[in-house]
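Containing PDB, C-alpha atoms: data_2.pdb.
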ATOM      1  CA  MET A   1     -19.487  93.286 161.283  1.00  0.00           C
ATOM      2  CA  LYS A   2     -16.265  95.145 162.012  1.00  0.00           C
ATOM      3  CA  LYS A   3     -15.963  98.574 163.594  1.00  0.00           C
ATOM      4  CA  ILE A   4     -13.163 100.416 161.819  1.00  0.00           C
ATOM      5  CA  LEU A   5     -11.332 103.688 162.433  1.00  0.00           C
ATOM      6  CA  ILE A   6      -9.323 105.024 159.481  1.00  0.00           C
ATOM      7  CA  VAL A   7      -7.065 108.062 159.838  1.00  0.00           C
ATOM      8  CA  GLY A   8      -6.062 109.297 156.404  1.00  0.00           C
ATOM      9  CA  ALA A   9      -9.288 107.832 155.047  1.00  0.00           C
ATOM     10  CA  THR A  10      -9.127 109.568 151.654  1.00  0.00           C
ATOM     11  CA  SER A  11      -5.787 108.041 150.637  1.00  0.00           C
ATOM     12  CA  ALA A  12      -5.984 105.642 147.690  1.00  0.00           C
ATOM     13  CA  ILE A  13      -4.877 102.634 149.739  1.00  0.00           C
ATOM     14  CA  ALA A  14      -7.245 103.418 152.618  1.00  0.00           C
ATOM     15  CA  CYS A  15     -10.198 103.824 150.236  1.00  0.00           C
ATOM     16  CA  ALA A  16      -9.440 100.513 148.545  1.00  0.00           C
ATOM     17  CA  CYS A  17      -9.254  98.724 151.917  1.00  0.00           C
ATOM     18  CA  ALA A  18     -12.461 100.391 153.101  1.00  0.00           C
ATOM     19  CA  ARG A  19     -14.351  99.191 150.021  1.00  0.00           C
ATOM     20  CA  LEU A  20     -13.490  95.604 150.908  1.00  0.00           C
ATOM     21  CA  TRP A  21     -14.638  96.087 154.490  1.00  0.00           C
ATOM     22  CA  ALA A  22     -17.798  97.873 153.329  1.00  0.00           C
ATOM     23  CA  ALA A  23     -18.805  94.722 151.445  1.00  0.00           C
ATOM     24  CA  GLU A  24     -18.729  92.953 154.836  1.00  0.00           C
ATOM     25  CA  ARG A  25     -21.221  95.475 156.265  1.00  0.00           C
ATOM     26  CA  SER A  26     -18.611  97.137 158.472  1.00  0.00           C
ATOM     27  CA  GLU A  27     -19.138 100.352 160.418  1.00  0.00           C
ATOM     28  CA  PHE A  28     -16.679 103.199 159.868  1.00  0.00           C
ATOM     29  CA  PHE A  29     -15.304 106.282 161.577  1.00  0.00           C
ATOM     30  CA  LEU A  30     -13.342 108.102 158.875  1.00  0.00           C
ATOM     31  CA  VAL A  31     -10.841 110.868 159.578  1.00  0.00           C
ATOM     32  CA  ALA A  32      -9.163 113.083 156.971  1.00  0.00           C
ATOM     33  CA  ARG A  33      -8.401 116.743 156.361  1.00  0.00           C
ATOM     34  CA  ASP A  34     -10.052 117.187 152.932  1.00  0.00           C
ATOM     35  CA  ALA A  35     -13.794 117.635 153.544  1.00  0.00           C
ATOM     36  CA  GLN A  36     -14.858 117.162 149.929  1.00  0.00           C
ATOM     37  CA  LYS A  37     -12.879 113.966 149.385  1.00  0.00           C
ATOM     38  CA  LEU A  38     -14.026 112.643 152.739  1.00  0.00           C
ATOM     39  CA  GLN A  39     -17.669 113.141 151.818  1.00  0.00           C
ATOM     40  CA  GLN A  40     -17.098 111.387 148.494  1.00  0.00           C
ATOM     41  CA  THR A  41     -15.478 108.464 150.305  1.00  0.00           C
ATOM     42  CA  CYS A  42     -18.384 108.311 152.732  1.00  0.00           C
ATOM     43  CA  ALA A  43     -20.947 108.156 149.907  1.00  0.00           C
ATOM     44  CA  ASP A  44     -18.932 105.518 148.072  1.00  0.00           C
ATOM     45  CA  LEU A  45     -18.769 103.228 151.111  1.00  0.00           C
ATOM     46  CA  GLN A  46     -22.470 103.642 151.827  1.00  0.00           C
ATOM     47  CA  SER A  47     -23.248 102.615 148.257  1.00  0.00           C
ATOM     48  CA  ARG A  48     -21.077  99.521 148.701  1.00  0.00           C
ATOM     49  CA  GLY A  49     -22.909  98.221 151.759  1.00  0.00           C
ATOM     50  CA  ALA A  50     -21.291  99.895 154.772  1.00  0.00           C
ATOM     51  CA  ARG A  51     -23.546  99.597 157.809  1.00  0.00           C
ATOM     52  CA  ALA A  52     -22.783 103.158 158.963  1.00  0.00           C
ATOM     53  CA  VAL A  53     -20.203 105.815 158.139  1.00  0.00           C
ATOM     54  CA  THR A  54     -19.263 108.733 160.399  1.00  0.00           C
ATOM     55  CA  THR A  55     -16.741 111.332 159.260  1.00  0.00           C
ATOM     56  CA  LEU A  56     -14.522 113.850 161.017  1.00  0.00           C
ATOM     57  CA  ILE A  57     -12.291 116.560 159.562  1.00  0.00           C
ATOM     58  CA  MET A  58      -8.864 116.591 161.215  1.00  0.00           C
ATOM     59  CA  ASP A  59      -5.298 117.337 160.202  1.00  0.00           C
ATOM     60  CA  ALA A  60      -3.295 114.506 161.764  1.00  0.00           C
ATOM     61  CA  ASN A  61      -0.402 116.911 162.315  1.00  0.00           C
ATOM     62  CA  ASP A  62      -2.583 118.701 164.867  1.00  0.00           C
ATOM     63  CA  ILE A  63      -1.573 116.466 167.753  1.00  0.00           C
ATOM     64  CA  ALA A  64      -3.763 118.401 170.185  1.00  0.00           C
ATOM     65  CA  ALA A  65      -6.816 117.248 168.195  1.00  0.00           C
ATOM     66  CA  HIS A  66      -6.036 113.523 168.504  1.00  0.00           C
ATOM     67  CA  SER A  67      -7.672 112.992 171.900  1.00  0.00           C
ATOM     68  CA  SER A  68     -10.927 114.649 170.885  1.00  0.00           C
ATOM     69  CA  MET A  69     -11.006 112.620 167.677  1.00  0.00           C
ATOM     70  CA  TYR A  70     -10.567 109.345 169.538  1.00  0.00           C
ATOM     71  CA  GLU A  71     -13.215 110.277 172.104  1.00  0.00           C
ATOM     72  CA  LYS A  72     -15.707 110.983 169.309  1.00  0.00           C
ATOM     73  CA  CYS A  73     -14.745 107.720 167.627  1.00  0.00           C
ATOM     74  CA  LEU A  74     -15.411 105.707 170.790  1.00  0.00           C
ATOM     75  CA  ALA A  75     -18.664 107.551 171.400  1.00  0.00           C
ATOM     76  CA  THR A  76     -19.764 106.470 167.924  1.00  0.00           C
ATOM     77  CA  LEU A  77     -18.326 102.958 167.566  1.00  0.00           C
ATOM     78  CA  GLN A  78     -18.047 102.007 171.276  1.00  0.00           C
ATOM     79  CA  THR A  79     -15.084  99.745 170.411  1.00  0.00           C
ATOM     80  CA  VAL A  80     -12.549  99.629 167.563  1.00  0.00           C
ATOM     81  CA  ASP A  81     -11.843  96.314 165.855  1.00  0.00           C
ATOM     82  CA  ILE A  82      -9.400  97.725 163.314  1.00  0.00           C
ATOM     83  CA  CYS A  83      -7.591 101.037 163.233  1.00  0.00           C
ATOM     84  CA  LEU A  84      -5.836 101.815 159.955  1.00  0.00           C
ATOM     85  CA  ILE A  85      -3.373 104.718 159.909  1.00  0.00           C
ATOM     86  CA  ALA A  86      -2.876 105.599 156.273  1.00  0.00           C
ATOM     87  CA  TYR A  87      -1.728 109.211 155.891  1.00  0.00           C
ATOM     88  CA  GLY A  88       1.628 110.671 154.893  1.00  0.00           C
ATOM     89  CA  SER A  89       3.430 112.606 152.178  1.00  0.00           C
ATOM     90  CA  LEU A  90       6.392 112.072 149.888  1.00  0.00           C
ATOM     91  CA  PRO A  91       8.741 115.017 150.522  1.00  0.00           C
ATOM     92  CA  ASP A  92      11.118 116.719 148.127  1.00  0.00           C
ATOM     93  CA  GLN A  93      14.447 115.358 149.332  1.00  0.00           C
ATOM     94  CA  GLN A  94      16.496 118.243 147.937  1.00  0.00           C
ATOM     95  CA  ALA A  95      14.200 120.788 149.576  1.00  0.00           C
ATOM     96  CA  CYS A  96      14.603 118.974 152.895  1.00  0.00           C
ATOM     97  CA  GLU A  97      18.377 119.055 152.499  1.00  0.00           C
ATOM     98  CA  GLN A  98      18.319 122.841 152.088  1.00  0.00           C
ATOM     99  CA  SER A  99      15.728 123.732 154.720  1.00  0.00           C
ATOM    100  CA  VAL A 100      15.682 122.668 158.353  1.00  0.00           C
ATOM    101  CA  GLU A 101      12.055 123.809 158.614  1.00  0.00           C
ATOM    102  CA  GLN A 102      11.030 121.726 155.603  1.00  0.00           C
ATOM    103  CA  ALA A 103      12.878 118.681 156.902  1.00  0.00           C
ATOM    104  CA  MET A 104      11.269 118.899 160.336  1.00  0.00           C
ATOM    105  CA  GLU A 105       7.814 119.544 158.873  1.00  0.00           C
ATOM    106  CA  GLN A 106       8.035 116.464 156.671  1.00  0.00           C
ATOM    107  CA  PHE A 107       9.439 114.312 159.471  1.00  0.00           C
ATOM    108  CA  ALA A 108       6.553 115.396 161.683  1.00  0.00           C
ATOM    109  CA  ASN A 109       4.012 114.579 158.974  1.00  0.00           C
ATOM    110  CA  ASN A 110       5.454 111.124 158.299  1.00  0.00           C
ATOM    111  CA  ALA A 111       6.689 110.092 161.750  1.00  0.00           C
ATOM    112  CA  SER A 112       6.136 112.298 164.802  1.00  0.00           C
ATOM    113  CA  SER A 113       2.394 112.760 164.323  1.00  0.00           C
ATOM    114  CA  THR A 114       1.949 109.038 163.616  1.00  0.00           C
ATOM    115  CA  ILE A 115       3.854 108.092 166.761  1.00  0.00           C
ATOM    116  CA  ALA A 116       1.776 110.554 168.800  1.00  0.00           C
ATOM    117  CA  LEU A 117      -1.437 109.083 167.409  1.00  0.00           C
ATOM    118  CA  LEU A 118      -0.265 105.507 167.966  1.00  0.00           C
ATOM    119  CA  THR A 119       0.583 106.280 171.581  1.00  0.00           C
ATOM    120  CA  LEU A 120      -2.977 107.447 172.191  1.00  0.00           C
ATOM    121  CA  LEU A 121      -4.634 104.617 170.282  1.00  0.00           C
ATOM    122  CA  ALA A 122      -2.412 101.959 171.842  1.00  0.00           C
ATOM    123  CA  ASN A 123      -3.451 102.996 175.338  1.00  0.00           C
ATOM    124  CA  GLY A 124      -7.105 102.933 174.374  1.00  0.00           C
ATOM    125  CA  MET A 125      -6.953  99.554 172.684  1.00  0.00           C
ATOM    126  CA  ALA A 126      -4.962  98.085 175.554  1.00  0.00           C
ATOM    127  CA  VAL A 127      -7.914  98.929 177.809  1.00  0.00           C
ATOM    128  CA  GLN A 128     -10.372  97.133 175.527  1.00  0.00           C
ATOM    129  CA  GLN A 129      -7.849  94.241 175.221  1.00  0.00           C
ATOM    130  CA  ASP A 130      -8.760  93.500 171.627  1.00  0.00           C
ATOM    131  CA  GLY A 131      -8.374  94.793 168.101  1.00  0.00           C
ATOM    132  CA  THR A 132      -5.745  95.495 165.464  1.00  0.00           C
ATOM    133  CA  LEU A 133      -3.603  98.559 164.839  1.00  0.00           C
ATOM    134  CA  ALA A 134      -2.607  98.595 161.159  1.00  0.00           C
ATOM    135  CA  VAL A 135       0.030 101.168 160.254  1.00  0.00           C
ATOM    136  CA  ILE A 136       1.184 102.028 156.755  1.00  0.00           C
ATOM    137  CA  SER A 137       4.934 102.557 156.812  1.00  0.00           C
ATOM    138  CA  SER A 138       7.110 102.014 153.708  1.00  0.00           C
ATOM    139  CA  VAL A 139       9.888  99.893 152.257  1.00  0.00           C
ATOM    140  CA  ALA A 140      11.829 103.190 152.190  1.00  0.00           C
ATOM    141  CA  GLY A 141      12.384 102.784 155.920  1.00  0.00           C
ATOM    142  CA  ASP A 142      14.429  99.617 155.471  1.00  0.00           C
ATOM    143  CA  ARG A 143      17.555 101.509 154.429  1.00  0.00           C
ATOM    144  CA  GLY A 144      18.527 105.144 154.052  1.00  0.00           C
ATOM    145  CA  ARG A 145      19.013 105.882 150.359  1.00  0.00           C
ATOM    146  CA  PRO A 146      20.379 109.227 149.134  1.00  0.00           C
ATOM    147  CA  SER A 147      17.310 109.869 146.958  1.00  0.00           C
ATOM    148  CA  ASN A 148      14.828 109.926 149.868  1.00  0.00           C
ATOM    149  CA  TYR A 149      16.565 109.518 153.222  1.00  0.00           C
ATOM    150  CA  LEU A 150      14.359 112.041 155.037  1.00  0.00           C
ATOM    151  CA  TYR A 151      11.254 110.059 154.118  1.00  0.00           C
ATOM    152  CA  GLY A 152      13.104 106.811 154.785  1.00  0.00           C
ATOM    153  CA  ALA A 153      14.202 107.983 158.235  1.00  0.00           C
ATOM    154  CA  ALA A 154      10.617 108.917 159.120  1.00  0.00           C
ATOM    155  CA  LYS A 155       9.275 105.542 158.021  1.00  0.00           C
ATOM    156  CA  ALA A 156      12.109 103.723 159.786  1.00  0.00           C
ATOM    157  CA  ALA A 157      11.089 105.495 163.002  1.00  0.00           C
ATOM    158  CA  VAL A 158       7.466 104.399 162.525  1.00  0.00           C
ATOM    159  CA  SER A 159       8.453 100.795 161.748  1.00  0.00           C
ATOM    160  CA  THR A 160      10.740 100.543 164.777  1.00  0.00           C
ATOM    161  CA  TYR A 161       8.099 102.093 167.015  1.00  0.00           C
ATOM    162  CA  CYS A 162       5.552  99.578 165.744  1.00  0.00           C
ATOM    163  CA  GLU A 163       7.918  96.685 166.438  1.00  0.00           C
ATOM    164  CA  GLY A 164       8.204  97.644 170.088  1.00  0.00           C
ATOM    165  CA  LEU A 165       4.501  98.462 170.321  1.00  0.00           C
ATOM    166  CA  ARG A 166       3.641  95.057 168.859  1.00  0.00           C
ATOM    167  CA  ALA A 167       5.537  93.294 171.633  1.00  0.00           C
ATOM    168  CA  ARG A 168       3.948  95.498 174.296  1.00  0.00           C
ATOM    169  CA  LEU A 169       0.349  95.142 173.076  1.00  0.00           C
ATOM    170  CA  PHE A 170       0.603  91.407 172.423  1.00  0.00           C
ATOM    171  CA  LYS A 171       0.314  90.934 176.172  1.00  0.00           C
ATOM    172  CA  ALA A 172      -2.923  92.960 176.093  1.00  0.00           C
ATOM    173  CA  GLY A 173      -4.498  90.984 173.253  1.00  0.00           C
ATOM    174  CA  VAL A 174      -4.008  93.733 170.653  1.00  0.00           C
ATOM    175  CA  HIS A 175      -2.222  93.071 167.352  1.00  0.00           C
ATOM    176  CA  VAL A 176       0.004  95.585 165.535  1.00  0.00           C
ATOM    177  CA  ILE A 177       0.736  95.096 161.845  1.00  0.00           C
ATOM    178  CA  THR A 178       3.363  97.179 160.039  1.00  0.00           C
ATOM    179  CA  ILE A 179       2.497  97.544 156.362  1.00  0.00           C
ATOM    180  CA  LYS A 180       5.378  98.291 153.993  1.00  0.00           C
ATOM    181  CA  PRO A 181       4.195  99.164 150.486  1.00  0.00           C
ATOM    182  CA  GLY A 182       6.558  99.646 147.604  1.00  0.00           C
ATOM    183  CA  PHE A 183       5.503 101.897 144.725  1.00  0.00           C
ATOM    184  CA  VAL A 184       1.719 102.138 144.454  1.00  0.00           C
ATOM    185  CA  ASP A 185      -0.235 103.957 141.754  1.00  0.00           C
ATOM    186  CA  THR A 186      -1.415 106.862 143.898  1.00  0.00           C
ATOM    187  CA  PRO A 187      -1.168 110.672 143.662  1.00  0.00           C
ATOM    188  CA  MET A 188       1.941 110.424 145.870  1.00  0.00           C
ATOM    189  CA  THR A 189       3.939 108.521 143.242  1.00  0.00           C
ATOM    190  CA  ARG A 190       2.528 109.953 140.031  1.00  0.00           C
ATOM    191  CA  GLY A 191       5.128 111.869 138.114  1.00  0.00           C
ATOM    192  CA  LEU A 192       7.967 109.606 139.239  1.00  0.00           C
ATOM    193  CA  THR A 193       9.857 107.769 136.520  1.00  0.00           C
ATOM    194  CA  LEU A 194       9.427 104.133 137.528  1.00  0.00           C
ATOM    195  CA  PRO A 195       9.389 100.727 135.790  1.00  0.00           C
ATOM    196  CA  SER A 196       5.786  99.683 135.270  1.00  0.00           C
ATOM    197  CA  TRP A 197       6.341  96.258 136.833  1.00  0.00           C
ATOM    198  CA  LEU A 198       7.246  97.898 140.153  1.00  0.00           C
ATOM    199  CA  ILE A 199       3.984  99.863 140.399  1.00  0.00           C
ATOM    200  CA  ALA A 200       1.110  98.106 142.149  1.00  0.00           C
ATOM    201  CA  GLN A 201      -2.543  99.079 141.940  1.00  0.00           C
ATOM    202  CA  PRO A 202      -4.316 100.176 145.156  1.00  0.00           C
ATOM    203  CA  ASP A 203      -6.932  97.407 144.858  1.00  0.00           C
ATOM    204  CA  THR A 204      -4.218  94.749 144.696  1.00  0.00           C
ATOM    205  CA  VAL A 205      -2.441  96.258 147.686  1.00  0.00           C
ATOM    206  CA  ALA A 206      -5.693  96.513 149.639  1.00  0.00           C
ATOM    207  CA  ARG A 207      -6.542  92.837 149.169  1.00  0.00           C
ATOM    208  CA  ARG A 208      -3.157  91.877 150.559  1.00  0.00           C
ATOM    209  CA  ILE A 209      -3.504  94.285 153.487  1.00  0.00           C
ATOM    210  CA  VAL A 210      -6.970  93.038 154.463  1.00  0.00           C
ATOM    211  CA  ALA A 211      -5.786  89.429 154.213  1.00  0.00           C
ATOM    212  CA  GLY A 212      -2.683  90.255 156.276  1.00  0.00           C
ATOM    213  CA  ILE A 213      -4.808  91.860 158.985  1.00  0.00           C
ATOM    214  CA  ASN A 214      -7.068  88.809 159.074  1.00  0.00           C
ATOM    215  CA  ARG A 215      -4.027  86.518 159.440  1.00  0.00           C
ATOM    216  CA  GLN A 216      -2.454  88.833 162.063  1.00  0.00           C
ATOM    217  CA  VAL A 217       0.792  89.153 160.116  1.00  0.00           C
ATOM    218  CA  ALA A 218       3.458  91.178 161.935  1.00  0.00           C
ATOM    219  CA  VAL A 219       5.178  92.857 158.975  1.00  0.00           C
ATOM    220  CA  LEU A 220       3.573  92.907 155.547  1.00  0.00           C
ATOM    221  CA  TYR A 221       5.430  93.851 152.357  1.00  0.00           C
ATOM    222  CA  VAL A 222       3.082  94.811 149.521  1.00  0.00           C
ATOM    223  CA  PRO A 223       3.479  93.470 146.915  1.00  0.00           C
ATOM    224  CA  GLY A 224       5.338  90.549 148.477  1.00  0.00           C
ATOM    225  CA  PHE A 225       8.345  90.707 146.143  1.00  0.00           C
ATOM    226  CA  TRP A 226       9.474  93.862 147.979  1.00  0.00           C
ATOM    227  CA  CYS A 227      10.598  91.672 150.851  1.00  0.00           C
ATOM    228  CA  ALA A 228      13.232  90.060 148.599  1.00  0.00           C
ATOM    229  CA  ILE A 229      14.195  93.402 147.034  1.00  0.00           C
ATOM    230  CA  MET A 230      14.764  95.068 150.391  1.00  0.00           C
ATOM    231  CA  LEU A 231      16.588  92.026 151.757  1.00  0.00           C
ATOM    232  CA  THR A 232      19.021  92.384 148.865  1.00  0.00           C
ATOM    233  CA  ILE A 233      19.385  96.146 149.359  1.00  0.00           C
ATOM    234  CA  ARG A 234      20.029  95.734 153.086  1.00  0.00           C
ATOM    235  CA  ALA A 235      22.727  93.148 152.321  1.00  0.00           C
ATOM    236  CA  ILE A 236      24.827  95.557 150.213  1.00  0.00           C
ATOM    237  CA  PRO A 237      27.995  96.462 152.179  1.00  0.00           C
ATOM    238  CA  GLN A 238      28.190 100.090 153.299  1.00  0.00           C
ATOM    239  CA  SER A 239      31.475 100.533 151.433  1.00  0.00           C
ATOM    240  CA  LEU A 240      29.618  99.842 148.183  1.00  0.00           C
ATOM    241  CA  PHE A 241      26.221 101.203 149.130  1.00  0.00           C
ATOM    242  CA  LYS A 242      27.463 104.764 149.642  1.00  0.00           C
ATOM    243  CA  ARG A 243      28.746 104.811 146.057  1.00  0.00           C
ATOM    244  CA  LEU A 244      25.387 103.860 144.532  1.00  0.00           C
ATOM    245  CA  ASN A 245      22.772 106.314 143.289  1.00  0.00           C
ATOM    246  CA  LEU A 246      19.663 104.726 144.764  1.00  0.00           C
TER
END
Show how you would write the structure in this file as structure tokens.
Amino acid sequence: MKKILIVGATSAIACACARLWAAERSEFFLVARDAQKLQQTCADLQSRGARAVTTLIMDANDIAAHSSMYEKCLATLQTVDICLIAYGSLPDQQACEQSVEQAMEQFANNASSTIALLTLLANGMAVQQDGTLAVISSVAGDRGRPSNYLYGAAKAAVSTYCEGLRARLFKAGVHVITIKPGFVDTPMTRGLTLPSWLIAQPDTVARRIVAGINRQVAVLYVPGFWCAIMLTIRAIPQSLFKRLNL
């Protein structure tokens, strides 16, 4: 039985992962800002075999609320085997280009708040000297593309932070896995004009994430072909890259 903390628990990917863990009789502490969706997720996991499910309403951008959330989590679970951070938003790039406030708000939602939360959780898990921090970043962070460089910059910050954190926590017996999804069929990507073969289903992504956590993979591209795609994109010379509309 695993004891699992999920922040952003109502996201499609988080829900799909939680269903797999529920089948293993895991115990959950779920955190999200939408009370109705959170309650629905709770009921779904209980029906699928979860040993216990505790919920907490919190906006992850409220950094002052992080400490209280973690204290309540520890009071409930005692220890955390897996912490999955799965929240974020896909900003309007053009709006971010025109508004400093919008750009900073979206960077905070996708990077600053995640880094603040990871700092807190890392210290706690270092004390228990066990467990896994699983963080959903994005392939967008591998290179700044003109179509979404604000989002890409935020995810690049998270990925780089996780790389350093992984090396630090390894000495404490805690594993950090950076998860880099491509396009997934979620509310975040609906409405985008994308080739169907590039769009993965949340259940498929979740199976790969759970397996990657079990294997203690360092960086996980989901689906796996995104590793080759991003390797190719990173290899494009800057002199050519800046002329492309990606």
**OP:** With a distance cut-off of 12 Å and all atoms listed in the file, select the neighbouring residues of A:Arg215, excluding the residue or stretch itself and same-chain residues fewer than 4 positions from it, and output the selection as JSON, numbers by chain.
**Re:** {"A": [132, 175, 176, 177, 208, 209, 210, 211, 219, 220]}
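Each of A:Ala16, A:Val31, A:Leu77, A:Leu90 was checked against A:Thr204 using all atoms listed in the file; the smallest atom-to-atom distance is that of A:Ala16.
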Could you give me, as a compact mmCIF listing (two decimals) with C-alpha atoms, keeping the file's coordinate frame, the residues within 12 Å of A:Ala52, counting all atoms listed in the file and dropping anything in the same chain fewer than 2 positions from it?
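Result saved to out.txt:
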# COMPACT_ATOMS: atom_id res chain seq x y z
CA MET A 1 -19.49 93.29 161.28
CA LYS A 2 -16.26 95.14 162.01
CA LYS A 3 -15.96 98.57 163.59
CA ILE A 4 -13.16 100.42 161.82
CA LEU A 5 -11.33 103.69 162.43
CA TRP A 21 -14.64 96.09 154.49
CA ALA A 22 -17.80 97.87 153.33
CA ALA A 23 -18.80 94.72 151.44
CA GLU A 24 -18.73 92.95 154.84
CA ARG A 25 -21.22 95.48 156.26
CA SER A 26 -18.61 97.14 158.47
CA GLU A 27 -19.14 100.35 160.42
CA PHE A 28 -16.68 103.20 159.87
CA PHE A 29 -15.30 106.28 161.58
CA LEU A 30 -13.34 108.10 158.88
CA CYS A 42 -18.38 108.31 152.73
CA ALA A 43 -20.95 108.16 149.91
CA ASP A 44 -18.93 105.52 148.07
CA LEU A 45 -18.77 103.23 151.11
CA GLN A 46 -22.47 103.64 151.83
CA SER A 47 -23.25 102.62 148.26
CA ARG A 48 -21.08 99.52 148.70
CA GLY A 49 -22.91 98.22 151.76
CA ALA A 50 -21.29 99.90 154.77
CA THR A 54 -19.26 108.73 160.40
CA THR A 55 -16.74 111.33 159.26
CA THR A 76 -19.76 106.47 167.92
CA LEU A 77 -18.33 102.96 167.57
Original post:
Residues picked by the PyMOL selection byres ((chain A and resi 199) around 12) here, as a list in words?
Top reply: Pro181, Gly182, Phe183, Val184, Asp185, Thr186, Thr189, Arg190, Leu192, Thr193, Leu194, Pro195, Ser196, Trp197, Leu198, Ala200, Gln201, Pro202, Thr204, Val205, Val222, Pro223, Phe225 and Trp226 of chain A
**OP:** Identify, on the basis of all atoms listed in the file, every residue whose closest approach to stretch 134-136 of chain A does not exceed 10 Å; exclude the query and any residue fewer than 2 positions from it along the same chain; express the result as a ChimeraX atom specification.
**Re:** /A:6-7,13-14,82-88,114,118,131-132,138,155,158-159,162,175-181,209-210,212-213,216,218-220
Original post:
When you draw a straight line from atom CA of A:Cys96 to atom CA of A:Thr119, how long is it in Å?
Top reply: 26.6 Å
Subject >> Expected selection from the PyMOL selection byres ((chain A and resi 34) around 9), given as a PyMOL selection string >> reply: chain A and resi 10+32-33+35-39+57-59
Using the file's own x, y and z axes, what box holds all listed atoms of stretch 33-36 of chain A with 3 Å on each side, keeping edges along x, y and z, and what are its centre and edge lengths in Å to one decimal, as JSON?
{"center_x": -11.6, "center_y": 117.2, "center_z": 153.1, "size_x": 12.5, "size_y": 6.9, "size_z": 12.4}
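The residue that comes closest to A:Tyr161, out of A:Gly8, A:Pro187, A:Gly141, A:Pro91 and on the basis of only C-alpha atoms, is A:Gly141.
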Original post:
When the PyMOL selection byres ((chain A and resi 173) around 6) is applied to the file above, which residues end up in the set, as a PyMOL selection string?
Top reply: chain A and resi 129-130+170-172+174
Export of prior selection with C-alpha atoms as a PDB file, in the coordinates of the input:
ATOM      1  CA  GLN A 129      -7.849  94.241 175.221  1.00  0.00           C
ATOM      2  CA  ASP A 130      -8.760  93.500 171.627  1.00  0.00           C
ATOM      3  CA  PHE A 170       0.603  91.407 172.423  1.00  0.00           C
ATOM      4  CA  LYS A 171       0.314  90.934 176.172  1.00  0.00           C
ATOM      5  CA  ALA A 172      -2.923  92.960 176.093  1.00  0.00           C
ATOM      6  CA  VAL A 174      -4.008  93.733 170.653  1.00  0.00           C
TER       7      VAL A 174
END
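The spacing separating atom CA of A:Arg243 from atom CA of A:Ala157 amounts to 24.5 Å.
If you measure from each of A:Gly124, A:Cys15, A:Ala206, A:Tyr221 to A:Ser137 using all atoms listed in the file, the closest one turns out to be A:Tyr221.
The gap separating atom CA of A:Ala228 from atom CA of A:Ser112 is 28.4 Å, in Å to one decimal.
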**OP:** Excluding A:Ser113 and any residue of its chain fewer than 5 positions from it, enumerate the residues within 8 Å of it, using all atoms listed in the file, and give them as a PyMOL selection string.
**Re:** chain A and resi 60-63+108
Using C-alpha atoms, can you write the selected residues to a file as an mmCIF file, keeping the file's coordinate frame?
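The new file part-v2.cif reads:
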data_model
loop_
_atom_site.group_PDB
_atom_site.id
_atom_site.type_symbol
_atom_site.label_atom_id
_atom_site.label_comp_id
_atom_site.auth_asym_id
_atom_site.auth_seq_id
_atom_site.Cartn_x
_atom_site.Cartn_y
_atom_site.Cartn_z
ATOM 1 C CA ALA A 60 -3.295 114.506 161.764
ATOM 2 C CA ASN A 61 -0.402 116.911 162.315
ATOM 3 C CA ASP A 62 -2.583 118.701 164.867
ATOM 4 C CA ILE A 63 -1.573 116.466 167.753
ATOM 5 C CA ALA A 108 6.553 115.396 161.683
#
Subject >> Residues within 10 Å of (23.1, 104.3, 158.9), counting all atoms listed in the file, listed as a list in words >> reply: Arg143, Gly144, Arg145, Ala153 and Gln238 of chain A
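Neighbouring residues of A:Leu244 at 9 Å or closer, counting only C-alpha atoms and skipping chain neighbours under 2 positions away, are A:Arg145, A:Pro146, A:Leu240, A:Phe241, A:Lys242, A:Leu246.
Nearest to A:Gln40 of all the residues A:Leu165, A:Ser11, A:Ala64, A:Gln106 is A:Ser11, based on all atoms listed in the file.
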Original post:
Using all atoms listed in the file, which of the listed residues (A:Ala154, A:Ile233, A:Leu121, A:Ala111) sits closest to A:Cys73?
Top reply: A:Leu121
